[in-house]
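Visitor: One structure coming up, written as structure tokens, with questions to follow.
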Amino acid sequence: MASIKLTNLWKHYGDVQAVRGINLDIGHNEFVALVGPSGCGKTTTLRMIAGLEDITGGEIEIGENVVNEVPPKDRDIAMVFQNYALYPHMSVYQNMSFGLKIRKTPKEEIDKRVQMAAEILNISELLERRPAQLSGGQRQRVAMGRAIVRDPVVFLFDEPLSNLDAKLRVQMRTEIKKIHQRVQTTVVYVTHDQVEAMTLADRIVVMNEGVIEQVGTPNEMYSSPKTHFVASFIGSPSMNFMNCQLAKTAGGLAVRLSDDLSLPVPEDRTARYAPYADKEMTFGIRPEHVTEKRPHANGAQQDIDANVNVLEPMGVDTMVFFNLGPTEICARAEPTSVSEVGETMGFTVSMDKMHLIDPSTGAVV
Amino acid sequence: MVTGTEVGGAASSPPLTLKSRLRRSIGPDLDGYYFILPTVIIVFCLILYPFCLAVYYSMSNAFIGEETHFIGLENFHYIIFEDDIFMMTVRNTLLFAVISVVFKTVLGLLCALLLLRIIKLRRFLRGAMLLPFVAPTALTTLGWWLILDPTYSHINWIFEHVWPFSVLDVGPYNFLGEPTLALGAVIFVNVWRGLPFFIITILAGLVSIPDHLYEAAEIDGASIMDKFWKITLPLLRPVLAVIILFSTIFTLGEFNIIYVLTRGGPMNETHLFATYSFTAGVLNHEIGLGAAIALFLFPILVVTVILLLRLVRRDSQYEL
């Protein structure tokens, strides 16, 4: 069993608190992505799991053992680094077999494992080459191969795709997912790219300023973010946020965006939002939930008209920027239905997908 | 002037007469050669001419104040078959160079590894390390001469007055007067002087090895020794090859330290090519002989350079 358990984990660098008391359980063979902006503590957390960074406070368990004082080599982990960290003076074969050789694995066994890993990664023809003779994507594969041959209980990935160009990144993303399906192990994957996290992980851990904001499946993170930060971080393009007042109306509650613009809150949410009535709140809605005018699927849709400011065609959709009250927001519309810039266009807002955030706590209510 | 049409024309013109072939190898225009002419003149005057002159002298009986005659390889015949001091000089030079360079390399590597780890006083220590290198050799060697000289020797004084040496009855030693000790002493001073260059250069090499390689090795299970032998040393090889090359060349031609400390003595036991050639050519006025002795170093240097350069080229192209 290779579960990982982080208990009240702290890391200080002098006065800087990089990681501030995080708790996390990662299950056996689970693929967990740590995601967050630069400096959020995700890489530090990963490096503490790897043993490359001392722990200031708290406990790390791998399997059943506390590994706080266990050196990296005895943790049975393998790590793929952002810049691959391939040994430049060794061939691909030597790079991949280095760990096994150090552990005095028999030669035939090493050969078998390297050949197998090379086959999985499709790099069998590259085994005699040096890293300098490989492309970025090939180096990435070798770095993964080096991890695979070790057959560790835990795989650690530190932003492995960020040095690749966009197209290759998407391709390698799929490969990593395939490899995980084939080589079942626990994976901790650090990335700042929320799309990568969403597509790869069983569960996502969103970190910000050294603390965990939320842990959940990709769908949970998308549909029910718990904080303003998670709501803004997950999803592309990111969620629209507007200051509003939660006004009481005859029928229930309404989101008042400006003097002449109010959007009624769906009935099933009235009870949930009631305690915040008459307060200044932040209204959040994803671009995909603001579309061109459509037939209403249920009572929660609201129609509005607005002037188009900017159009960003994406092919399958067109992003339409317009002013809703004082704030410019982004809508995702069918390309054929879009008006010209400057003209008026009708939009449908799915209020059943709305989020309401208490600005004093940053929590989604 | 060089123009596009001329360059393009050369590529497409089919008939290859001698003239056009010459033209092609010289280039489309002669202007470029005027620009390198000053360099060619300087190289000729300052390097090629003196070198050829030395070669000529080595095959002559040049003696200060007398007429010079060409005598073929007689000088070489003499130093190889009849001159015992020359044979000693060859042995000394090889011993001196090999031992010095080995010590400098090993100690330099150790000190550089140590300096890399030290964080407090880092700048001061790295600066202080360079002191033997920047101080004038003649001056510092004079200092060492005072320390080692049998009459004034600080070391012998310590042996005599400081416990536990005073009880153990060690010394006094005639550091510069006994053949083995004298060779040891000049090697020691040469190492002392050359070490900083090794330390600083190796340190630069060490700094350029990225940390993530060590981290990857650590996760792969490498011990400290594994990391040194399998990561540090192979990646330092290009740097090591270059400094060993330079140091070997300079050590083989060393003059200052020997001349100040022993003047080749005692009984010519510490003569190197440079000092013996100076003694024969300048002090004894036999310029032809001196030139022949000095010239002997040339093939040794050429072989050394070729061997070491090969080592450098083989594995110096890493992308870190």
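So you can find residues: chains in the structure tokens are A, B, ... in the order shown, residues in each start at 1, and ligands are numbered from 1 in order.
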Segment 273-285 of chain B: which residues within 12 Å, counting only C-alpha atoms, same-chain residues fewer than 3 positions away excluded, as a ChimeraX atom specification?
Guide: /B:54,57-58,61-66,75,79,83-94,96-97,250-265,267-270,288-298,300-301
Visitor: Please return, as a PDB file with N, CA and C atoms, in the first residue's frame, all residues of chain A lying within 8 Å of chain B when only C-alpha atoms are considered.
Guide:
ATOM      1  N   ALA A  50       9.303  14.169  -1.322  1.00  0.00           N
ATOM      2  CA  ALA A  50      10.450  13.480  -1.921  1.00  0.00           C
ATOM      3  C   ALA A  50      11.601  13.344  -0.940  1.00  0.00           C
ATOM      4  N   LEU A  52      13.654  15.976  -0.431  1.00  0.00           N
ATOM      5  CA  LEU A  52      14.689  16.906  -0.884  1.00  0.00           C
ATOM      6  C   LEU A  52      14.682  18.181  -0.057  1.00  0.00           C
ATOM      7  N   PRO A  72      15.803  10.467   0.858  1.00  0.00           N
ATOM      8  CA  PRO A  72      15.026  10.237  -0.365  1.00  0.00           C
ATOM      9  C   PRO A  72      15.191   8.832  -0.927  1.00  0.00           C
ATOM     10  N   LYS A  73      16.438   8.316  -0.868  1.00  0.00           N
ATOM     11  CA  LYS A  73      16.678   7.042  -1.546  1.00  0.00           C
ATOM     12  C   LYS A  73      15.945   5.888  -0.876  1.00  0.00           C
ATOM     13  N   ASP A  74      15.584   6.074   0.392  1.00  0.00           N
ATOM     14  CA  ASP A  74      14.905   4.980   1.085  1.00  0.00           C
ATOM     15  C   ASP A  74      13.389   5.169   1.153  1.00  0.00           C
ATOM     16  N   ILE A  77      10.516   6.232  -3.873  1.00  0.00           N
ATOM     17  CA  ILE A  77       9.800   7.174  -4.717  1.00  0.00           C
ATOM     18  C   ILE A  77      10.614   7.411  -5.983  1.00  0.00           C
ATOM     19  N   ALA A  78       9.975   7.931  -7.002  1.00  0.00           N
ATOM     20  CA  ALA A  78      10.708   8.388  -8.180  1.00  0.00           C
ATOM     21  C   ALA A  78      10.155   9.753  -8.535  1.00  0.00           C
ATOM     22  N   MET A  79      11.024  10.600  -9.045  1.00  0.00           N
ATOM     23  CA  MET A  79      10.588  11.964  -9.309  1.00  0.00           C
ATOM     24  C   MET A  79      10.949  12.365 -10.734  1.00  0.00           C
ATOM     25  N   PHE A  81      11.550  15.673 -12.876  1.00  0.00           N
ATOM     26  CA  PHE A  81      11.793  17.095 -12.619  1.00  0.00           C
ATOM     27  C   PHE A  81      11.321  17.954 -13.776  1.00  0.00           C
ATOM     28  N   ALA A  85      16.336  16.941 -15.473  1.00  0.00           N
ATOM     29  CA  ALA A  85      17.491  16.507 -14.674  1.00  0.00           C
ATOM     30  C   ALA A  85      18.104  15.230 -15.211  1.00  0.00           C
ATOM     31  N   LEU A  86      18.240  15.127 -16.524  1.00  0.00           N
ATOM     32  CA  LEU A  86      18.915  13.960 -17.094  1.00  0.00           C
ATOM     33  C   LEU A  86      20.417  14.161 -16.948  1.00  0.00           C
ATOM     34  N   TYR A  87      21.147  13.070 -16.699  1.00  0.00           N
ATOM     35  CA  TYR A  87      22.594  13.174 -16.562  1.00  0.00           C
ATOM     36  C   TYR A  87      23.185  13.384 -17.953  1.00  0.00           C
ATOM     37  N   PRO A  88      23.788  14.541 -18.200  1.00  0.00           N
ATOM     38  CA  PRO A  88      24.186  14.884 -19.581  1.00  0.00           C
ATOM     39  C   PRO A  88      25.293  14.005 -20.128  1.00  0.00           C
ATOM     40  N   HIS A  89      26.076  13.386 -19.232  1.00  0.00           N
ATOM     41  CA  HIS A  89      27.211  12.604 -19.715  1.00  0.00           C
ATOM     42  C   HIS A  89      26.861  11.137 -19.903  1.00  0.00           C
ATOM     43  N   PHE A  98      20.512   4.075 -14.145  1.00  0.00           N
ATOM     44  CA  PHE A  98      21.376   4.590 -13.076  1.00  0.00           C
ATOM     45  C   PHE A  98      20.901   4.163 -11.680  1.00  0.00           C
ATOM     46  N   GLY A  99      19.627   4.394 -11.421  1.00  0.00           N
ATOM     47  CA  GLY A  99      19.084   4.073 -10.096  1.00  0.00           C
ATOM     48  C   GLY A  99      19.171   2.590  -9.776  1.00  0.00           C
ATOM     49  N   LEU A 100      18.899   1.769 -10.771  1.00  0.00           N
ATOM     50  CA  LEU A 100      18.932   0.321 -10.563  1.00  0.00           C
ATOM     51  C   LEU A 100      20.365  -0.152 -10.343  1.00  0.00           C
ATOM     52  N   ILE A 102      22.847   1.561  -9.117  1.00  0.00           N
ATOM     53  CA  ILE A 102      23.276   1.974  -7.778  1.00  0.00           C
ATOM     54  C   ILE A 102      22.732   0.999  -6.737  1.00  0.00           C
ATOM     55  N   ARG A 103      21.532   0.517  -6.986  1.00  0.00           N
ATOM     56  CA  ARG A 103      20.924  -0.430  -6.038  1.00  0.00           C
ATOM     57  C   ARG A 103      21.373  -1.860  -6.291  1.00  0.00           C
ATOM     58  N   PRO A 131      21.391  12.844 -23.824  1.00  0.00           N
ATOM     59  CA  PRO A 131      20.275  13.793 -23.679  1.00  0.00           C
ATOM     60  C   PRO A 131      20.362  14.980 -24.644  1.00  0.00           C
ATOM     61  N   ALA A 132      21.591  15.456 -24.900  1.00  0.00           N
ATOM     62  CA  ALA A 132      21.734  16.631 -25.768  1.00  0.00           C
ATOM     63  C   ALA A 132      21.237  16.355 -27.184  1.00  0.00           C
TER      64      ALA A 132
END
Visitor: Just the helix (DSSP H, G or I) stuff from segment 95-188 of chain B, please, per backbone DSSP, written as a compact mmCIF listing (two decimals) with C-alpha atoms, in the first residue's frame.
Guide:
# COMPACT_ATOMS: atom_id res chain seq x y z
CA LEU B 95 59.05 14.28 -11.79
CA PHE B 96 58.49 17.94 -11.00
CA ALA B 97 55.66 18.32 -13.50
CA VAL B 98 53.86 15.05 -12.84
CA ILE B 99 53.99 15.25 -9.05
CA SER B 100 53.09 18.95 -8.98
CA VAL B 101 50.14 18.59 -11.33
CA VAL B 102 48.79 15.51 -9.56
CA PHE B 103 48.97 17.26 -6.19
CA LYS B 104 47.44 20.44 -7.57
CA THR B 105 44.58 18.50 -9.15
CA VAL B 106 43.75 16.41 -6.10
CA LEU B 107 44.18 19.20 -3.56
CA GLY B 108 42.43 21.67 -5.85
CA LEU B 109 39.45 19.38 -6.14
CA LEU B 110 39.30 18.82 -2.39
CA CYS B 111 39.59 22.53 -1.57
CA ALA B 112 37.02 23.47 -4.21
CA LEU B 113 34.53 20.93 -2.85
CA LEU B 114 35.14 22.33 0.61
CA LEU B 115 34.75 25.94 -0.51
CA LEU B 116 31.52 25.09 -2.30
CA ARG B 117 30.00 23.90 0.98
CA ARG B 122 32.54 32.60 1.55
CA ARG B 123 33.65 35.74 -0.28
CA PHE B 124 36.59 36.34 2.03
CA LEU B 125 37.84 32.77 1.75
CA ARG B 126 37.49 32.66 -2.00
CA GLY B 127 39.41 35.93 -2.27
CA ALA B 128 42.10 34.89 0.20
CA MET B 129 42.55 31.66 -1.73
CA LEU B 131 46.65 35.34 -2.72
CA PRO B 132 49.51 32.97 -3.68
CA PHE B 133 48.42 33.36 -7.28
CA VAL B 134 48.35 37.14 -7.47
CA THR B 137 56.28 34.69 -7.77
CA ALA B 138 59.78 35.97 -7.17
CA LEU B 139 58.62 37.70 -4.01
CA THR B 140 56.67 34.84 -2.49
CA THR B 141 59.36 32.36 -3.42
CA LEU B 142 61.84 34.54 -1.61
CA GLY B 143 59.59 34.17 1.41
CA TRP B 144 59.67 30.43 1.05
CA TRP B 145 63.42 30.55 0.65
CA LEU B 146 63.63 32.24 4.05
CA ILE B 147 61.35 29.63 5.55
CA LEU B 148 63.29 26.74 4.05
CA HIS B 154 61.47 28.70 10.51
CA ILE B 155 60.63 25.04 10.23
CA ASN B 156 63.90 23.94 11.77
CA TRP B 157 63.39 26.50 14.52
CA ILE B 158 59.99 24.98 15.25
CA PHE B 159 61.50 21.49 15.28
CA GLU B 160 64.03 22.64 17.80
CA HIS B 161 61.89 24.77 20.12
CA PHE B 165 59.11 18.23 18.04
CA SER B 166 61.67 19.44 20.55
CA VAL B 167 61.29 16.23 22.53
CA LEU B 168 61.13 13.94 19.51
CA PRO B 179 68.76 16.44 -3.37
CA THR B 180 65.49 14.69 -2.47
CA LEU B 181 64.41 17.32 0.02
CA ALA B 182 65.28 20.10 -2.40
CA LEU B 183 63.21 18.59 -5.20
CA GLY B 184 60.42 18.07 -2.69
CA ALA B 185 60.70 21.68 -1.58
CA VAL B 186 60.49 23.16 -5.06
CA ILE B 187 57.54 20.88 -5.87
CA PHE B 188 55.86 22.00 -2.67
Visitor: Just list the residues in segment 61-142 of chain A DSSP gives strand (DSSP E) on the backbone, as a ChimeraX atom specification.
Guide: /A:61-62,65-66,77-80
Visitor: With C-alpha atoms kept, could you save the residues just selected as a PDB file, in the first residue's frame?
Guide:
ATOM      1  CA  GLU A  61       3.696   9.201   6.043  1.00  0.00           C
ATOM      2  CA  ILE A  62       4.274   7.041   2.999  1.00  0.00           C
ATOM      3  CA  ASN A  65       5.717   4.734   7.887  1.00  0.00           C
ATOM      4  CA  VAL A  66       6.554   8.226   9.020  1.00  0.00           C
ATOM      5  CA  ILE A  77       9.800   7.174  -4.717  1.00  0.00           C
ATOM      6  CA  ALA A  78      10.708   8.388  -8.180  1.00  0.00           C
ATOM      7  CA  MET A  79      10.588  11.964  -9.309  1.00  0.00           C
ATOM      8  CA  VAL A  80      10.294  13.620 -12.701  1.00  0.00           C
TER       9      VAL A  80
END
Visitor: Mind checking which residues fall within 7 Å of Asn68 of chain A, counting only C-alpha atoms, ignoring those fewer than 6 positions away in the same chain, and posting them as an MDAnalysis selection string?
Guide: chainID A and resid 55 59:60
Visitor: Just how far from atom CA of Phe241 of chain A is atom CA of His228 of chain A, in Å to one decimal?
Guide: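 The value is 9.2 Å.
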Visitor: Rounded to one decimal in Å, what is the spacing between atom CA of Arg169 of chain A and atom CA of Leu200 of chain A?
Guide: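 Pair atom CA of Arg169 of chain A / atom CA of Leu200 of chain A returns 12.3 Å.
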Visitor: Of the candidates B:Val302, B:Tyr152, B:Ile209, B:Leu245, which one gets nearest to Leu233 of chain B if we count only C-alpha atoms?
Guide: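 Checking each candidate against Leu233 of chain B, we get B:Ile209 as the closest.
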Visitor: Please identify all polymer residues within 7 Å of segment 214-216 of chain A, counting only C-alpha atoms, omitting same-chain residues fewer than 2 positions from it, and present them as a list of chain:residue names.
Guide: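 Near segment 214-216 of chain A, the qualifying residues are A:Arg203, A:Ile204, A:Val205, A:Val206, A:Ile212, A:Pro218, A:Glu220, A:Met221, A:Lys226.
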Visitor: How would the residues just chosen look if you wrote them out with C-alpha atoms as a compact mmCIF listing (two decimals), in the first residue's frame?
Guide:
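So out.txt came out as:
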# COMPACT_ATOMS: atom_id res chain seq x y z
CA ARG A 203 -8.41 14.54 -7.23
CA ILE A 204 -7.17 18.10 -7.36
CA VAL A 205 -5.62 20.00 -4.48
CA VAL A 206 -5.73 23.74 -5.00
CA ILE A 212 -4.86 24.14 0.82
CA PRO A 218 -12.11 17.82 -11.06
CA GLU A 220 -16.36 19.12 -7.81
CA MET A 221 -13.72 21.80 -8.20
CA LYS A 226 -15.54 26.50 -1.97
Visitor: Set the distance at 10 Å and use only C-alpha atoms: which residues neighbour Glu196 of chain A once local chain neighbours fewer than 2 positions away are removed? I'd like the list as a short mmCIF file (atom, residue, chain, number, x, y, z; two decimals) with N, CA and C atoms, in the first residue's frame.
Guide:
data_model
loop_
_atom_site.label_atom_id
_atom_site.label_comp_id
_atom_site.auth_asym_id
_atom_site.auth_seq_id
_atom_site.Cartn_x
_atom_site.Cartn_y
_atom_site.Cartn_z
N ALA A 33 -3.29 15.92 -8.17
CA ALA A 33 -2.58 17.08 -8.72
C ALA A 33 -2.58 18.21 -7.71
N VAL A 35 -2.16 22.00 -7.46
CA VAL A 35 -2.19 23.08 -8.43
C VAL A 35 -2.34 24.40 -7.70
N GLU A 159 5.96 19.75 -12.22
CA GLU A 159 5.69 20.52 -13.44
C GLU A 159 6.37 19.90 -14.66
N LEU A 161 5.57 19.14 -17.63
CA LEU A 161 5.28 19.51 -19.01
C LEU A 161 5.50 20.99 -19.30
N ARG A 169 2.64 19.50 -25.18
CA ARG A 169 2.17 19.41 -23.82
C ARG A 169 0.86 18.63 -23.76
N VAL A 170 -0.03 18.94 -24.70
CA VAL A 170 -1.32 18.25 -24.74
C VAL A 170 -1.11 16.77 -25.04
N ARG A 173 0.39 14.99 -22.09
CA ARG A 173 -0.62 14.90 -21.04
C ARG A 173 -1.38 13.59 -21.19
N THR A 174 -1.80 13.35 -22.41
CA THR A 174 -2.53 12.11 -22.69
C THR A 174 -1.65 10.90 -22.39
N TYR A 189 1.29 15.08 -8.57
CA TYR A 189 1.64 15.80 -9.78
C TYR A 189 1.48 17.29 -9.51
N VAL A 190 2.57 18.02 -9.59
CA VAL A 190 2.51 19.46 -9.34
C VAL A 190 2.43 20.20 -10.67
N THR A 191 1.52 21.14 -10.76
CA THR A 191 1.42 21.93 -11.98
C THR A 191 0.79 23.28 -11.63
N HIS A 192 1.06 24.28 -12.49
CA HIS A 192 0.36 25.54 -12.29
C HIS A 192 -0.75 25.68 -13.32
N ASP A 193 -0.84 24.63 -14.16
CA ASP A 193 -1.80 24.68 -15.26
C ASP A 193 -3.06 23.92 -14.83
N GLN A 194 -4.13 24.65 -14.61
CA GLN A 194 -5.32 23.99 -14.08
C GLN A 194 -5.93 23.01 -15.08
N MET A 198 -6.95 19.29 -14.17
CA MET A 198 -8.32 18.81 -14.41
C MET A 198 -8.30 17.52 -15.23
N THR A 199 -7.49 17.52 -16.30
CA THR A 199 -7.54 16.39 -17.22
C THR A 199 -6.86 15.15 -16.66
N LEU A 200 -5.85 15.33 -15.82
CA LEU A 200 -5.08 14.18 -15.39
C LEU A 200 -5.54 13.57 -14.08
N ALA A 201 -5.93 14.42 -13.14
CA ALA A 201 -6.00 13.96 -11.75
C ALA A 201 -7.31 13.29 -11.40
#
